[in-house]
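See below for the structure under consideration.
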Amino acid sequence: MRVVLAGGGTAGHIEPALALADALRRHDPNTGIVCLGTERGLETRLVPQRGYELALIPPVPLPRALTPQLLTVPGRLRGAINAAANVLDQAHADVLVGFGGYVATPGYLAARKRKVPIIVHEANPKPGLANKLGARFTDHVAVSHHDSPLPNARFVGIPLRRDIANLDRMAMGDKARSYFGLLPELPTLLIFGGSQGARSLNRAAVAAAPAFRAAGIQVLHIVGPKNQEVPDPAPGGGPQYVTIPYCDRMDLAYAAADMAMCRAGAMTCAELTAVALPAAYVPLPHGNGEQRLNADPIVQNGGGLVVDDAELSPEWIAGQLIPILRDPARVAHMSEAAGRMGRRDADVALARMVYDVVRAAHQQGQAR
């Protein structure tokens, strides 16, 4: 079987595609996999790191409003479609699986042109333009929210890396805390804002460092590579406040924590619920409000709390978050609630869909 994955641009598009690729290769190491991408996206780093072939096509960002740039889209899009079609031809693709983003639109149009079966995966409650288009060309639509507006939507969840999906936080807790220089017995908060950090989270958290220490709470804070926020050393010792610019072992970061404070991207919400880690979600205040929609079901089911970015402050942390961390029974209850919202086998479920679609296409071809 030969599969082309179209999920470039951001980690939210790339990581589910790579998790699916891993699931397909676990089932059959001979599965041919090519990832579509552009030179602008994180896929230029992430895809080769995971050992998969990357084929680059021209980027064609679609403007969301009527601007002069819109006039340049048809010609540029035509070139990207032709480039994607060449990739499908060279790969002898049996199926294209799209995850949204810049590369998905030319991928879908090229697959339709070449009569290659299409599967759409949508991670967000509000589908993007690319997946709205792709869903018109196929009956095979996998979604991560039960009330997705896409036609023919089938709930699957978001494919996750195996090191996250298989994580046993309780079993790994002491080892993980030791890895980051934390003590095994203290309540621990993990703070992160995505691959680049988040300035508002960093400022509020660092300013709250004295309150964390006074409450006996230690912190593991992934500040991002471009952020310089670092708290003053604790006078006379006290609970650790560990800052690191980047973390390539998020499984250990999750295992070290009792709770998180973070943004509410689709991947973040999927990973935290999969490992049953409750969180204080601070949705990104930009975009179409999808991060708030990602967090709301978790919060409504007791697996976390949410605070607007504008309301996040050291005072909010001291008054709302720290009391929860000091209450082990409440943290345990929230952890159980978060875990009930998670899905650990979305990669396998989506891989089954891929096999079913390819099998059906082959049978239909043989019947002609």
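All residue names refer to the structure tokens as shown: chains lettered A, B, ... in order, residues numbered from 1 in each chain, ligands numbered from 1 in order.
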task: Looking only at helix (DSSP H, G or I) from DSSP on the backbone, list the matching residues of segment 86-173 of chain A as an MDAnalysis selection string.
output: chainID A and resid 86:91 104:114 129:137 162:165 169:173
I'd like the contact shell of segment 224-227 of chain A - 12 Å cut-off, only C-alpha atoms, skipping same-chain residues fewer than 4 positions apart - returned as a PyMOL selection string.
chain A and resi 191-203+206+243-248
Q: Pick out the residues sitting within 6 Å of segment 19-21 of chain A, and hand them over as a PyMOL selection string; count only C-alpha atoms, and ignore anything fewer than 2 positions along from it in its own chain.
A: chain A and resi 16-17+23-24+159-161+347
Closest contacts (segment 234-295 of chain A/segment 333-346 of chain A, max 8 Å, only C-alpha atoms) as a tab-separated table:
```
residue	atom	partner	partner_atom	distance
A:Ala270	CA	A:Gly342	CA	6.4
A:Glu271	CA	A:Gly342	CA	7.7
A:Leu272	CA	A:Ala338	CA	7.5
A:Thr273	CA	A:Gly342	CA	4.2
A:Ala274	CA	A:Gly342	CA	4.2
A:Val275	CA	A:Gly339	CA	6.5
A:Ala276	CA	A:Gly339	CA	3.9
A:Leu277	CA	A:Ser335	CA	5.4
A:Pro278	CA	A:Ser335	CA	5.2
```
Please determine, counting only C-alpha atoms, which residue among A:Arg112, A:Arg263, A:Arg25, A:His145 has the shortest atom-to-atom distance to Pro125 of chain A.
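Under the stated criterion, the closest residue is A:His145.
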Please give the complete set of residues from segment 55-142 of chain A that DSSP, run on the backbone, assigns to strand (DSSP E), formatted as a list in words.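 Everything in segment 55-142 of chain A that counts as strand (DSSP E) is Ala55, Leu56, Val95, Leu96, Val97, Gly98, Ile118, Ile119, Val120, His121, Glu122, Val141 and Ala142 of chain A.
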Exercise: Asp309 of chain A partners within 8 Å, only C-alpha atoms, chain neighbours under 5 positions left out, as a count of residues only: 5
With 12 Å as the cut-off and only C-alpha atoms counted, what is the closest atom pair between each nearby residue of segment 229-303 of chain A and segment 173-178 of chain A? Distances in Å to one decimal, ordered by chain and number, as CSV.
```
residue,atom,partner,partner_atom,distance
A:Gln240,CA,A:Arg177,CA,11.0
A:Val242,CA,A:Arg177,CA,10.8
A:Arg249,CA,A:Ala176,CA,9.6
A:Met250,CA,A:Ala176,CA,10.1
A:Asp251,CA,A:Ala176,CA,8.6
A:Leu252,CA,A:Ala176,CA,5.0
A:Ala253,CA,A:Ala176,CA,6.8
A:Tyr254,CA,A:Ala176,CA,8.4
A:Ala255,CA,A:Gly173,CA,5.0
A:Ala256,CA,A:Arg177,CA,4.9
A:Ala257,CA,A:Gly173,CA,7.7
A:Asp258,CA,A:Gly173,CA,9.2
```
Please provide the set of residues having any atom within 9 Å of segment 6-10 of chain A, restricted to only C-alpha atoms, with same-chain residues fewer than 4 positions apart removed, written as number ranges by chain. A: 14-18, 34-38, 40-44, 96-105, 107-108
query: Which residue out of A:Ala208, A:Leu54, A:Leu293, A:Leu190 has the minimum interatomic distance to Ala279 of chain A when only C-alpha atoms are used?
result: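 Closest to Ala279 of chain A, using only C-alpha atoms: A:Leu190.
Minimum atom-to-atom distance to Ala211 of chain A, evaluated using only C-alpha atoms, belongs to A:Ala318 out of A:Ala318, A:Arg2, A:Arg78, A:Ala85.
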